[in-house]
Amino acid sequence: MSQDPDRLFAQPLEQVPDFVFNEDVVRVFPDMIKRSVPGYPTIVENLGVLAARFAQPHTALYDLGASLGAVTQSLRRHVRHDGCRVIAVDNSAAMVERCRQYLTAQDSMFQELLPVQVIEADILALPFEPASVVAMNFTLQFIAPEQRLALLARIHQALLPGGALILSEKLRFDDVQEQDLLNDLHLDFKRANGYSDLEIAQKRSAIEHVMKPDTLQAHQERLHAAGFSKVVPWFQCLNFASLIALP
Ligand SMILES: C[S@@+](CC[C@H](N)C(=O)[O-])C[C@H]1O[C@@H](n2cnc3c(N)ncnc32)[C@H](O)[C@@H]1O
Ligand SMILES: O=C(O)C(=O)C[C@]1(C(=O)O)C=C[C@@H](O)C=C1
């Protein structure tokens with residue numbers, strides 16, 4: 001399985017196309033997300049640790065927008081309850097194909113992992129079965145803003161008492177000074193990880209119509225509107241955060 005360094009935006013492009021999770025992105029995705037999202041390895045590893053507290057025997061755990069299954073692998077490393085199974089969902093055929101290969105490799109290296117099913121589907125159309133854990137790691141920001149509340153309400157309905165939604169997102173800030181500072185620090189993070197100013201600018205153009213971050217307050221209000229009783233931020237690094245939402 002080839003894992004290339006991310007140079008997708010290294011050369012000047014006449015027109016920067018909108019960002020899509022296609023075969024080119026799949027090839028560089030592990031490198032891209034680690035070098036682009038501050039705290040990503042910490043979030044992924046601890047998501048599994050958190051999930052183990054909410055997981056209940058004989059239930060489903062969802063990884064929505066699973067990409068290459070980093071969260072699914074973490075769930076399988078940390079959740080050991082009897083009869084749990086992971087359902088990883090993504091609507092990118094290229095991601096799903098490679099995700100299945102990675103999970104087969106994980107199965108060949110470790111014994112007694114939770115069973116996993118990888119589904120190629122749109123999470124907006126997929127009926128959810130009752131679940132104790134739902135993870136959405138940097139996926140909601142790619143869902144059309146007007147669809148987000150209904151999706152979260154369906155997730156809330158599917159969650160069993162004692163379960164949790166774990167939601168990680170890039171944040172934006174209403175306060176201009178806070179927004180500018182955290183945005184600049186995020187650009188510094190990308191430069192420190194070897195991205196040039198050209199790569200950073202072209203990636204931003206590619207992603208700006210596709211990925212729409214919300215404020216922390218908007219997330220909290222929408223989660224409550226979707227029926228969640230409690231929202232607890234457990235991680236923030238610069239403008240990236242992760243929340244636990246209790247049904
Ligand atoms: C930033 S990536 C998620 C990263 C991944 N969760 C991780 O932690 O490595 C967003 C993913 O969401 C998927 N996605 C976006 N919209 C979706 C939808 N409506 N249904 C299913 N998957 C979707 C994309 O294909 C992409 O793989
Ligand atoms: O905000 C950015 O510039 C990003 O690159 C963020 C982000 C994300 O948050 O998902 C966007 C697309 C890639 O999947 C990796 C990282």
# chains A, B, ... in the order shown; residues from 1 in each chain; ligands from 1
call {"tool": "closest_atom_pairs", "arguments": {"of": "chain A", "to": "ligand 1", "cutoff": "8 Å", "atoms": "only C-alpha atoms and all ligand atoms", "output": "JSON lines"}}
result
{"residue": "A:Val20", "atom": "CA", "partner": "ligand 1", "partner_atom_place_in_ligand_line": "25 (O)", "distance": 7.7}
{"residue": "A:Phe21", "atom": "CA", "partner": "ligand 1", "partner_atom_place_in_ligand_line": "25 (O)", "distance": 5.2}
{"residue": "A:Pro30", "atom": "CA", "partner": "ligand 1", "partner_atom_place_in_ligand_line": "9 (O)", "distance": 7.4}
{"residue": "A:Ile33", "atom": "CA", "partner": "ligand 1", "partner_atom_place_in_ligand_line": "9 (O)", "distance": 7.2}
{"residue": "A:Tyr40", "atom": "CA", "partner": "ligand 1", "partner_atom_place_in_ligand_line": "8 (O)", "distance": 7.7}
{"residue": "A:Val44", "atom": "CA", "partner": "ligand 1", "partner_atom_place_in_ligand_line": "8 (O)", "distance": 6.4}
{"residue": "A:Asp63", "atom": "CA", "partner": "ligand 1", "partner_atom_place_in_ligand_line": "6 (N)", "distance": 7.1}
{"residue": "A:Leu64", "atom": "CA", "partner": "ligand 1", "partner_atom_place_in_ligand_line": "22 (N)", "distance": 6.4}
{"residue": "A:Gly65", "atom": "CA", "partner": "ligand 1", "partner_atom_place_in_ligand_line": "12 (O)", "distance": 3.5}
{"residue": "A:Ala66", "atom": "CA", "partner": "ligand 1", "partner_atom_place_in_ligand_line": "6 (N)", "distance": 4.3}
{"residue": "A:Ser67", "atom": "CA", "partner": "ligand 1", "partner_atom_place_in_ligand_line": "27 (O)", "distance": 3.6}
{"residue": "A:Leu68", "atom": "CA", "partner": "ligand 1", "partner_atom_place_in_ligand_line": "9 (O)", "distance": 6.1}
{"residue": "A:Gly69", "atom": "CA", "partner": "ligand 1", "partner_atom_place_in_ligand_line": "9 (O)", "distance": 6.2}
{"residue": "A:Ala70", "atom": "CA", "partner": "ligand 1", "partner_atom_place_in_ligand_line": "9 (O)", "distance": 4.9}
{"residue": "A:Val71", "atom": "CA", "partner": "ligand 1", "partner_atom_place_in_ligand_line": "8 (O)", "distance": 5.3}
{"residue": "A:Val89", "atom": "CA", "partner": "ligand 1", "partner_atom_place_in_ligand_line": "21 (C)", "distance": 5.9}
{"residue": "A:Asp90", "atom": "CA", "partner": "ligand 1", "partner_atom_place_in_ligand_line": "22 (N)", "distance": 3.7}
{"residue": "A:Asn91", "atom": "CA", "partner": "ligand 1", "partner_atom_place_in_ligand_line": "21 (C)", "distance": 4.1}
{"residue": "A:Ser92", "atom": "CA", "partner": "ligand 1", "partner_atom_place_in_ligand_line": "25 (O)", "distance": 4.5}
{"residue": "A:Met95", "atom": "CA", "partner": "ligand 1", "partner_atom_place_in_ligand_line": "27 (O)", "distance": 6.1}
{"residue": "A:Glu120", "atom": "CA", "partner": "ligand 1", "partner_atom_place_in_ligand_line": "21 (C)", "distance": 7.5}
{"residue": "A:Ala121", "atom": "CA", "partner": "ligand 1", "partner_atom_place_in_ligand_line": "21 (C)", "distance": 5.7}
{"residue": "A:Asp122", "atom": "CA", "partner": "ligand 1", "partner_atom_place_in_ligand_line": "20 (N)", "distance": 3.5}
{"residue": "A:Ile123", "atom": "CA", "partner": "ligand 1", "partner_atom_place_in_ligand_line": "20 (N)", "distance": 4.0}
{"residue": "A:Leu124", "atom": "CA", "partner": "ligand 1", "partner_atom_place_in_ligand_line": "19 (N)", "distance": 5.5}
{"residue": "A:Met136", "atom": "CA", "partner": "ligand 1", "partner_atom_place_in_ligand_line": "6 (N)", "distance": 6.2}
{"residue": "A:Asn137", "atom": "CA", "partner": "ligand 1", "partner_atom_place_in_ligand_line": "6 (N)", "distance": 4.2}
{"residue": "A:Phe138", "atom": "CA", "partner": "ligand 1", "partner_atom_place_in_ligand_line": "1 (C)", "distance": 4.8}
{"residue": "A:Thr139", "atom": "CA", "partner": "ligand 1", "partner_atom_place_in_ligand_line": "10 (C)", "distance": 4.4}
{"residue": "A:Leu140", "atom": "CA", "partner": "ligand 1", "partner_atom_place_in_ligand_line": "16 (N)", "distance": 7.5}
{"residue": "A:Phe142", "atom": "CA", "partner": "ligand 1", "partner_atom_place_in_ligand_line": "15 (C)", "distance": 5.3}
{"residue": "A:Ile143", "atom": "CA", "partner": "ligand 1", "partner_atom_place_in_ligand_line": "16 (N)", "distance": 5.6}
call {"tool": "write_last_selection", "arguments": {"atoms": "N, CA and C atoms", "output": "CSV table (one decimal), in the first residue's frame"}}
result
chain,number,residue,atom,x,y,z
A,20,VAL,N,-11.6,17.2,-3.5
A,20,VAL,CA,-12.4,16.0,-3.4
A,20,VAL,C,-11.5,14.8,-2.9
A,21,PHE,N,-12.2,13.9,-2.2
A,21,PHE,CA,-11.5,12.8,-1.5
A,21,PHE,C,-11.4,11.7,-2.6
A,30,PRO,N,-2.7,10.0,4.9
A,30,PRO,CA,-2.2,9.9,6.2
A,30,PRO,C,-1.1,11.0,6.5
A,33,ILE,N,-3.1,14.6,6.6
A,33,ILE,CA,-4.0,15.0,7.7
A,33,ILE,C,-3.1,15.2,9.0
A,40,TYR,N,-3.9,15.9,15.7
A,40,TYR,CA,-4.6,14.7,15.1
A,40,TYR,C,-4.2,13.4,15.7
A,44,VAL,N,-6.9,11.0,17.7
A,44,VAL,CA,-7.3,9.6,17.2
A,44,VAL,C,-7.0,8.6,18.2
A,63,ASP,N,-18.0,4.8,12.9
A,63,ASP,CA,-17.0,5.8,12.5
A,63,ASP,C,-17.5,6.4,11.2
A,64,LEU,N,-18.1,7.6,11.3
A,64,LEU,CA,-18.7,8.2,10.2
A,64,LEU,C,-17.8,9.2,9.5
A,65,GLY,N,-17.6,8.9,8.2
A,65,GLY,CA,-16.5,9.7,7.4
A,65,GLY,C,-15.2,9.1,7.8
A,66,ALA,N,-15.1,7.8,7.7
A,66,ALA,CA,-13.9,7.0,8.2
A,66,ALA,C,-12.6,7.2,7.5
A,67,SER,N,-12.7,7.7,6.2
A,67,SER,CA,-11.5,7.8,5.4
A,67,SER,C,-10.8,6.5,5.4
A,68,LEU,N,-9.5,6.5,5.8
A,68,LEU,CA,-8.7,5.3,5.8
A,68,LEU,C,-8.8,4.5,7.1
A,69,GLY,N,-9.8,4.9,7.9
A,69,GLY,CA,-10.1,4.0,9.1
A,69,GLY,C,-9.1,4.2,10.3
A,70,ALA,N,-8.5,5.4,10.4
A,70,ALA,CA,-7.6,5.7,11.6
A,70,ALA,C,-8.4,5.5,12.9
A,71,VAL,N,-9.6,6.1,12.9
A,71,VAL,CA,-10.4,6.1,14.1
A,71,VAL,C,-10.9,4.6,14.4
A,89,VAL,N,-18.0,4.1,7.8
A,89,VAL,CA,-18.8,4.6,6.7
A,89,VAL,C,-18.1,5.7,6.0
A,90,ASP,N,-18.0,5.6,4.7
A,90,ASP,CA,-17.5,6.8,3.9
A,90,ASP,C,-18.1,6.7,2.5
A,91,ASN,N,-18.3,7.9,1.9
A,91,ASN,CA,-18.9,7.9,0.6
A,91,ASN,C,-17.9,8.0,-0.6
A,92,SER,N,-16.6,8.0,-0.2
A,92,SER,CA,-15.6,8.0,-1.3
A,92,SER,C,-15.1,6.6,-1.5
A,95,MET,N,-11.5,6.0,-0.9
A,95,MET,CA,-11.2,5.8,0.6
A,95,MET,C,-11.6,4.5,1.1
A,120,GLU,N,-19.6,1.7,2.0
A,120,GLU,CA,-19.6,2.9,1.1
A,120,GLU,C,-21.0,3.4,1.0
A,121,ALA,N,-21.2,4.6,1.7
A,121,ALA,CA,-22.5,5.1,1.7
A,121,ALA,C,-22.4,6.6,2.1
A,122,ASP,N,-23.5,7.3,1.8
A,122,ASP,CA,-23.7,8.7,2.2
A,122,ASP,C,-24.3,8.7,3.6
A,123,ILE,N,-23.6,9.3,4.6
A,123,ILE,CA,-24.2,9.2,5.9
A,123,ILE,C,-25.5,10.0,6.1
A,124,LEU,N,-25.8,10.8,5.1
A,124,LEU,CA,-27.0,11.6,5.1
A,124,LEU,C,-28.2,10.7,4.7
A,136,MET,N,-17.3,11.0,14.8
A,136,MET,CA,-17.3,11.8,13.6
A,136,MET,C,-16.0,12.7,13.7
A,137,ASN,N,-14.9,12.2,13.1
A,137,ASN,CA,-13.7,12.9,13.2
A,137,ASN,C,-13.4,13.7,12.0
A,138,PHE,N,-13.7,15.0,12.1
A,138,PHE,CA,-13.5,16.0,11.0
A,138,PHE,C,-14.3,15.6,9.7
A,139,THR,N,-15.5,15.2,10.0
A,139,THR,CA,-16.4,14.9,8.8
A,139,THR,C,-17.6,15.9,8.7
A,140,LEU,N,-18.2,16.3,9.9
A,140,LEU,CA,-19.3,17.2,9.9
A,140,LEU,C,-19.1,18.5,9.1
A,142,PHE,N,-17.7,18.8,6.4
A,142,PHE,CA,-17.8,18.6,5.0
A,142,PHE,C,-19.3,18.4,4.6
A,143,ILE,N,-20.2,18.4,5.6
A,143,ILE,CA,-21.6,18.2,5.3
A,143,ILE,C,-22.2,19.6,5.1
call {"tool": "closest_atom_pairs", "arguments": {"of": "chain A", "to": "ligand 2", "cutoff": "10 Å", "atoms": "only C-alpha atoms and all ligand atoms", "output": "JSON lines"}}
result
{"residue": "A:Phe19", "atom": "CA", "partner": "ligand 2", "partner_atom_place_in_ligand_line": "12 (C)", "distance": 8.0}
{"residue": "A:Val20", "atom": "CA", "partner": "ligand 2", "partner_atom_place_in_ligand_line": "14 (O)", "distance": 9.1}
{"residue": "A:Phe21", "atom": "CA", "partner": "ligand 2", "partner_atom_place_in_ligand_line": "14 (O)", "distance": 7.8}
{"residue": "A:Val25", "atom": "CA", "partner": "ligand 2", "partner_atom_place_in_ligand_line": "14 (O)", "distance": 8.4}
{"residue": "A:Val26", "atom": "CA", "partner": "ligand 2", "partner_atom_place_in_ligand_line": "14 (O)", "distance": 9.7}
{"residue": "A:Phe29", "atom": "CA", "partner": "ligand 2", "partner_atom_place_in_ligand_line": "14 (O)", "distance": 7.1}
{"residue": "A:Pro30", "atom": "CA", "partner": "ligand 2", "partner_atom_place_in_ligand_line": "15 (C)", "distance": 9.0}
{"residue": "A:Asp31", "atom": "CA", "partner": "ligand 2", "partner_atom_place_in_ligand_line": "15 (C)", "distance": 9.2}
{"residue": "A:Met32", "atom": "CA", "partner": "ligand 2", "partner_atom_place_in_ligand_line": "15 (C)", "distance": 5.9}
{"residue": "A:Ile33", "atom": "CA", "partner": "ligand 2", "partner_atom_place_in_ligand_line": "15 (C)", "distance": 4.3}
{"residue": "A:Lys34", "atom": "CA", "partner": "ligand 2", "partner_atom_place_in_ligand_line": "15 (C)", "distance": 7.8}
{"residue": "A:Arg35", "atom": "CA", "partner": "ligand 2", "partner_atom_place_in_ligand_line": "16 (C)", "distance": 8.2}
{"residue": "A:Ser36", "atom": "CA", "partner": "ligand 2", "partner_atom_place_in_ligand_line": "5 (O)", "distance": 4.7}
{"residue": "A:Val37", "atom": "CA", "partner": "ligand 2", "partner_atom_place_in_ligand_line": "16 (C)", "distance": 5.6}
{"residue": "A:Pro38", "atom": "CA", "partner": "ligand 2", "partner_atom_place_in_ligand_line": "6 (C)", "distance": 9.2}
{"residue": "A:Tyr40", "atom": "CA", "partner": "ligand 2", "partner_atom_place_in_ligand_line": "9 (O)", "distance": 9.3}
{"residue": "A:Ser67", "atom": "CA", "partner": "ligand 2", "partner_atom_place_in_ligand_line": "14 (O)", "distance": 8.9}
{"residue": "A:Asn137", "atom": "CA", "partner": "ligand 2", "partner_atom_place_in_ligand_line": "10 (O)", "distance": 8.4}
{"residue": "A:Phe138", "atom": "CA", "partner": "ligand 2", "partner_atom_place_in_ligand_line": "10 (O)", "distance": 5.2}
{"residue": "A:Thr139", "atom": "CA", "partner": "ligand 2", "partner_atom_place_in_ligand_line": "10 (O)", "distance": 7.2}
{"residue": "A:Leu140", "atom": "CA", "partner": "ligand 2", "partner_atom_place_in_ligand_line": "10 (O)", "distance": 9.7}
{"residue": "A:Gln141", "atom": "CA", "partner": "ligand 2", "partner_atom_place_in_ligand_line": "9 (O)", "distance": 7.8}
{"residue": "A:Phe142", "atom": "CA", "partner": "ligand 2", "partner_atom_place_in_ligand_line": "10 (O)", "distance": 8.2}
{"residue": "A:Ser168", "atom": "CA", "partner": "ligand 2", "partner_atom_place_in_ligand_line": "9 (O)", "distance": 8.9}
{"residue": "A:Glu169", "atom": "CA", "partner": "ligand 2", "partner_atom_place_in_ligand_line": "9 (O)", "distance": 6.7}
{"residue": "A:Lys170", "atom": "CA", "partner": "ligand 2", "partner_atom_place_in_ligand_line": "9 (O)", "distance": 5.5}
{"residue": "A:Leu171", "atom": "CA", "partner": "ligand 2", "partner_atom_place_in_ligand_line": "1 (O)", "distance": 9.2}
{"residue": "A:Asn183", "atom": "CA", "partner": "ligand 2", "partner_atom_place_in_ligand_line": "1 (O)", "distance": 9.1}
{"residue": "A:His186", "atom": "CA", "partner": "ligand 2", "partner_atom_place_in_ligand_line": "3 (O)", "distance": 8.1}
{"residue": "A:Leu187", "atom": "CA", "partner": "ligand 2", "partner_atom_place_in_ligand_line": "3 (O)", "distance": 8.2}
{"residue": "A:Lys190", "atom": "CA", "partner": "ligand 2", "partner_atom_place_in_ligand_line": "3 (O)", "distance": 8.4}
{"residue": "A:Ile200", "atom": "CA", "partner": "ligand 2", "partner_atom_place_in_ligand_line": "3 (O)", "distance": 7.3}
{"residue": "A:Ala201", "atom": "CA", "partner": "ligand 2", "partner_atom_place_in_ligand_line": "3 (O)", "distance": 9.1}
{"residue": "A:Gln202", "atom": "CA", "partner": "ligand 2", "partner_atom_place_in_ligand_line": "3 (O)", "distance": 9.8}
{"residue": "A:Lys203", "atom": "CA", "partner": "ligand 2", "partner_atom_place_in_ligand_line": "3 (O)", "distance": 6.6}
{"residue": "A:Arg204", "atom": "CA", "partner": "ligand 2", "partner_atom_place_in_ligand_line": "3 (O)", "distance": 5.9}
{"residue": "A:Ser205", "atom": "CA", "partner": "ligand 2", "partner_atom_place_in_ligand_line": "3 (O)", "distance": 9.5}
{"residue": "A:Ala206", "atom": "CA", "partner": "ligand 2", "partner_atom_place_in_ligand_line": "12 (C)", "distance": 9.4}
{"residue": "A:Ile207", "atom": "CA", "partner": "ligand 2", "partner_atom_place_in_ligand_line": "11 (C)", "distance": 6.9}
{"residue": "A:Glu208", "atom": "CA", "partner": "ligand 2", "partner_atom_place_in_ligand_line": "3 (O)", "distance": 8.8}
{"residue": "A:Val210", "atom": "CA", "partner": "ligand 2", "partner_atom_place_in_ligand_line": "11 (C)", "distance": 9.3}
{"residue": "A:Met211", "atom": "CA", "partner": "ligand 2", "partner_atom_place_in_ligand_line": "11 (C)", "distance": 7.3}
{"residue": "A:Lys212", "atom": "CA", "partner": "ligand 2", "partner_atom_place_in_ligand_line": "1 (O)", "distance": 9.7}
{"residue": "A:Pro213", "atom": "CA", "partner": "ligand 2", "partner_atom_place_in_ligand_line": "9 (O)", "distance": 8.8}
{"residue": "A:Asn239", "atom": "CA", "partner": "ligand 2", "partner_atom_place_in_ligand_line": "1 (O)", "distance": 8.8}
{"residue": "A:Phe240", "atom": "CA", "partner": "ligand 2", "partner_atom_place_in_ligand_line": "9 (O)", "distance": 7.7}
call {"tool": "select_by_dssp", "arguments": {"residues": "range 27-87 of chain A", "states": "strand (DSSP E)", "output": "list in words"}}
result
Ala60, Leu61, Tyr62, Asp63, Leu64, Arg85, Val86 and Ile87 of chain A
call {"tool": "write_last_selection", "arguments": {"atoms": "all heavy atoms", "output": "CSV table (one decimal), in the first residue's frame"}}
result
chain,number,residue,atom,x,y,z
A,60,ALA,N,-23.3,-1.6,18.3
A,60,ALA,CA,-22.5,-1.1,17.2
A,60,ALA,C,-21.8,0.2,17.6
A,60,ALA,O,-22.3,1.0,18.4
A,60,ALA,CB,-23.4,-0.8,16.0
A,61,LEU,N,-20.6,0.4,17.1
A,61,LEU,CA,-19.8,1.6,17.2
A,61,LEU,C,-19.6,2.2,15.8
A,61,LEU,O,-19.1,1.4,14.9
A,61,LEU,CB,-18.4,1.4,17.8
A,61,LEU,CG,-18.3,0.4,19.0
A,61,LEU,CD1,-16.8,0.3,19.4
A,61,LEU,CD2,-19.1,0.9,20.2
A,62,TYR,N,-20.0,3.4,15.5
A,62,TYR,CA,-19.9,4.0,14.2
A,62,TYR,C,-18.7,4.9,14.1
A,62,TYR,O,-18.4,5.6,15.0
A,62,TYR,CB,-21.1,4.8,13.8
A,62,TYR,CG,-22.3,4.0,13.3
A,62,TYR,CD1,-23.4,3.7,14.2
A,62,TYR,CD2,-22.4,3.6,12.0
A,62,TYR,CE1,-24.5,3.0,13.7
A,62,TYR,CE2,-23.5,2.9,11.6
A,62,TYR,CZ,-24.5,2.6,12.4
A,62,TYR,OH,-25.6,1.9,11.9
A,63,ASP,N,-18.0,4.8,12.9
A,63,ASP,CA,-17.0,5.8,12.5
A,63,ASP,C,-17.5,6.4,11.2
A,63,ASP,O,-17.4,5.8,10.2
A,63,ASP,CB,-15.6,5.0,12.3
A,63,ASP,CG,-14.5,5.9,11.8
A,63,ASP,OD1,-14.7,7.2,11.8
A,63,ASP,OD2,-13.4,5.4,11.5
A,64,LEU,N,-18.1,7.6,11.3
A,64,LEU,CA,-18.7,8.2,10.2
A,64,LEU,C,-17.8,9.2,9.5
A,64,LEU,O,-17.2,10.1,10.1
A,64,LEU,CB,-20.0,9.0,10.7
A,64,LEU,CG,-21.0,8.2,11.4
A,64,LEU,CD1,-22.2,9.1,11.8
A,64,LEU,CD2,-21.5,7.0,10.5
A,85,ARG,N,-19.2,-4.3,17.6
A,85,ARG,CA,-18.6,-4.3,16.2
A,85,ARG,C,-18.6,-2.9,15.7
A,85,ARG,O,-19.4,-2.0,16.1
A,85,ARG,CB,-19.4,-5.2,15.3
A,85,ARG,CG,-20.8,-4.8,15.1
A,85,ARG,CD,-21.7,-6.0,14.9
A,85,ARG,NE,-23.0,-5.5,15.2
A,85,ARG,CZ,-23.7,-4.8,14.3
A,85,ARG,NH1,-23.2,-4.7,13.1
A,85,ARG,NH2,-24.9,-4.4,14.6
A,86,VAL,N,-17.6,-2.6,14.8
A,86,VAL,CA,-17.4,-1.3,14.3
A,86,VAL,C,-18.0,-1.2,12.9
A,86,VAL,O,-17.8,-2.1,12.1
A,86,VAL,CB,-15.9,-0.9,14.3
A,86,VAL,CG1,-15.7,0.5,13.8
A,86,VAL,CG2,-15.3,-1.1,15.6
A,87,ILE,N,-18.7,-0.1,12.7
A,87,ILE,CA,-19.3,0.1,11.3
A,87,ILE,C,-18.6,1.4,10.8
A,87,ILE,O,-18.9,2.5,11.4
A,87,ILE,CB,-20.8,0.3,11.3
A,87,ILE,CG1,-21.4,-1.0,12.0
A,87,ILE,CG2,-21.3,0.4,9.9
A,87,ILE,CD1,-22.9,-0.9,12.1
call {"tool": "residues_around", "arguments": {"residues": "Ile166 in chain A", "least_positions_apart": "2", "cutoff": "10 Å", "atoms": "only C-alpha atoms", "output": "short mmCIF file (atom, residue, chain, number, x, y, z; two decimals) with C-alpha atoms, in the first residue's frame"}}
result
data_model
loop_
_atom_site.label_atom_id
_atom_site.label_comp_id
_atom_site.auth_asym_id
_atom_site.auth_seq_id
_atom_site.Cartn_x
_atom_site.Cartn_y
_atom_site.Cartn_z
CA LEU A 47 -10.84 8.74 20.81
CA LEU A 50 -12.80 7.65 25.43
CA ALA A 51 -14.94 5.29 23.39
CA ASP A 63 -16.99 5.77 12.52
CA VAL A 133 -20.56 5.18 20.26
CA VAL A 134 -20.63 7.40 17.18
CA ALA A 135 -17.36 9.04 16.12
CA MET A 136 -17.27 11.83 13.56
CA ASN A 137 -13.66 12.91 13.21
CA GLY A 163 -23.45 6.15 24.89
CA ALA A 164 -21.77 9.16 23.28
CA SER A 168 -13.97 16.59 16.12
CA VAL A 231 -21.63 18.79 25.44
CA VAL A 232 -18.13 18.51 26.89
CA PRO A 233 -15.07 19.76 24.98
CA TRP A 234 -12.21 17.38 25.78
CA SER A 242 -13.08 17.59 19.83
CA LEU A 243 -16.30 17.34 21.84
CA ILE A 244 -18.11 14.60 23.71
CA ALA A 245 -21.89 14.89 23.30
CA LEU A 246 -24.09 12.85 25.64
#
call {"tool": "select_by_dssp", "arguments": {"residues": "range 160-244 of chain A", "states": "helix (DSSP H, G or I)", "output": "PyMOL selection string"}}
result
chain A and resi 176-192+197-207+216-225
call {"tool": "atom_distance", "arguments": {"atom1": "CA of Glu129 in chain A", "atom2": "CA of Gln56 in chain A"}}
result
14.1 Å
call {"tool": "residues_around", "arguments": {"residues": "Gly83 in chain A", "least_positions_apart": "3", "cutoff": "7 Å", "atoms": "only C-alpha atoms", "output": "VMD selection string"}}
result
chain A and resid 57 to 59
call {"tool": "decode", "arguments": {"residues": "range 35-49 of chain A", "atoms": "N, CA, C and O atoms", "output": "PDB file, in the first residue's frame"}}
result
ATOM      1  N   ARG A  35      -0.010  16.419   8.929  1.00  0.00           N
ATOM      2  CA  ARG A  35       0.703  17.694   8.773  1.00  0.00           C
ATOM      3  C   ARG A  35      -0.245  18.892   8.723  1.00  0.00           C
ATOM      4  O   ARG A  35       0.216  20.020   8.719  1.00  0.00           O
ATOM      5  N   SER A  36      -1.575  18.633   8.648  1.00  0.00           N
ATOM      6  CA  SER A  36      -2.539  19.730   8.510  1.00  0.00           C
ATOM      7  C   SER A  36      -3.376  19.964   9.761  1.00  0.00           C
ATOM      8  O   SER A  36      -3.862  21.076   9.965  1.00  0.00           O
ATOM      9  N   VAL A  37      -3.585  18.930  10.547  1.00  0.00           N
ATOM     10  CA  VAL A  37      -4.489  19.052  11.701  1.00  0.00           C
ATOM     11  C   VAL A  37      -3.673  18.941  12.989  1.00  0.00           C
ATOM     12  O   VAL A  37      -3.223  17.849  13.360  1.00  0.00           O
ATOM     13  N   PRO A  38      -3.480  20.076  13.687  1.00  0.00           N
ATOM     14  CA  PRO A  38      -2.732  20.017  14.936  1.00  0.00           C
ATOM     15  C   PRO A  38      -3.428  19.110  15.945  1.00  0.00           C
ATOM     16  O   PRO A  38      -4.640  19.240  16.156  1.00  0.00           O
ATOM     17  N   GLY A  39      -2.688  18.198  16.525  1.00  0.00           N
ATOM     18  CA  GLY A  39      -3.261  17.307  17.539  1.00  0.00           C
ATOM     19  C   GLY A  39      -3.901  16.054  16.977  1.00  0.00           C
ATOM     20  O   GLY A  39      -4.423  15.240  17.748  1.00  0.00           O
ATOM     21  N   TYR A  40      -3.868  15.872  15.657  1.00  0.00           N
ATOM     22  CA  TYR A  40      -4.582  14.733  15.060  1.00  0.00           C
ATOM     23  C   TYR A  40      -4.189  13.380  15.676  1.00  0.00           C
ATOM     24  O   TYR A  40      -5.083  12.607  16.072  1.00  0.00           O
ATOM     25  N   PRO A  41      -2.892  13.050  15.814  1.00  0.00           N
ATOM     26  CA  PRO A  41      -2.563  11.728  16.391  1.00  0.00           C
ATOM     27  C   PRO A  41      -3.085  11.568  17.818  1.00  0.00           C
ATOM     28  O   PRO A  41      -3.552  10.485  18.192  1.00  0.00           O
ATOM     29  N   THR A  42      -3.051  12.666  18.595  1.00  0.00           N
ATOM     30  CA  THR A  42      -3.549  12.612  19.981  1.00  0.00           C
ATOM     31  C   THR A  42      -5.059  12.392  19.992  1.00  0.00           C
ATOM     32  O   THR A  42      -5.588  11.597  20.791  1.00  0.00           O
ATOM     33  N   ILE A  43      -5.755  13.094  19.109  1.00  0.00           N
ATOM     34  CA  ILE A  43      -7.219  12.937  19.048  1.00  0.00           C
ATOM     35  C   ILE A  43      -7.572  11.499  18.678  1.00  0.00           C
ATOM     36  O   ILE A  43      -8.412  10.862  19.326  1.00  0.00           O
ATOM     37  N   VAL A  44      -6.925  10.970  17.653  1.00  0.00           N
ATOM     38  CA  VAL A  44      -7.287   9.631  17.161  1.00  0.00           C
ATOM     39  C   VAL A  44      -7.037   8.583  18.242  1.00  0.00           C
ATOM     40  O   VAL A  44      -7.904   7.744  18.525  1.00  0.00           O
ATOM     41  N   GLU A  45      -5.864   8.642  18.872  1.00  0.00           N
ATOM     42  CA  GLU A  45      -5.541   7.614  19.870  1.00  0.00           C
ATOM     43  C   GLU A  45      -6.502   7.703  21.057  1.00  0.00           C
ATOM     44  O   GLU A  45      -7.035   6.696  21.512  1.00  0.00           O
ATOM     45  N   ASN A  46      -6.758   8.940  21.531  1.00  0.00           N
ATOM     46  CA  ASN A  46      -7.603   9.094  22.716  1.00  0.00           C
ATOM     47  C   ASN A  46      -9.083   8.884  22.430  1.00  0.00           C
ATOM     48  O   ASN A  46      -9.855   8.564  23.340  1.00  0.00           O
ATOM     49  N   LEU A  47      -9.457   9.037  21.168  1.00  0.00           N
ATOM     50  CA  LEU A  47     -10.843   8.738  20.805  1.00  0.00           C
ATOM     51  C   LEU A  47     -11.168   7.281  21.145  1.00  0.00           C
ATOM     52  O   LEU A  47     -12.238   6.970  21.668  1.00  0.00           O
ATOM     53  N   GLY A  48     -10.225   6.408  20.896  1.00  0.00           N
ATOM     54  CA  GLY A  48     -10.423   4.999  21.253  1.00  0.00           C
ATOM     55  C   GLY A  48     -10.533   4.818  22.758  1.00  0.00           C
ATOM     56  O   GLY A  48     -11.381   4.064  23.252  1.00  0.00           O
ATOM     57  N   VAL A  49      -9.675   5.553  23.493  1.00  0.00           N
ATOM     58  CA  VAL A  49      -9.696   5.460  24.962  1.00  0.00           C
ATOM     59  C   VAL A  49     -11.036   5.966  25.502  1.00  0.00           C
ATOM     60  O   VAL A  49     -11.666   5.325  26.349  1.00  0.00           O
TER      61      VAL A  49
END
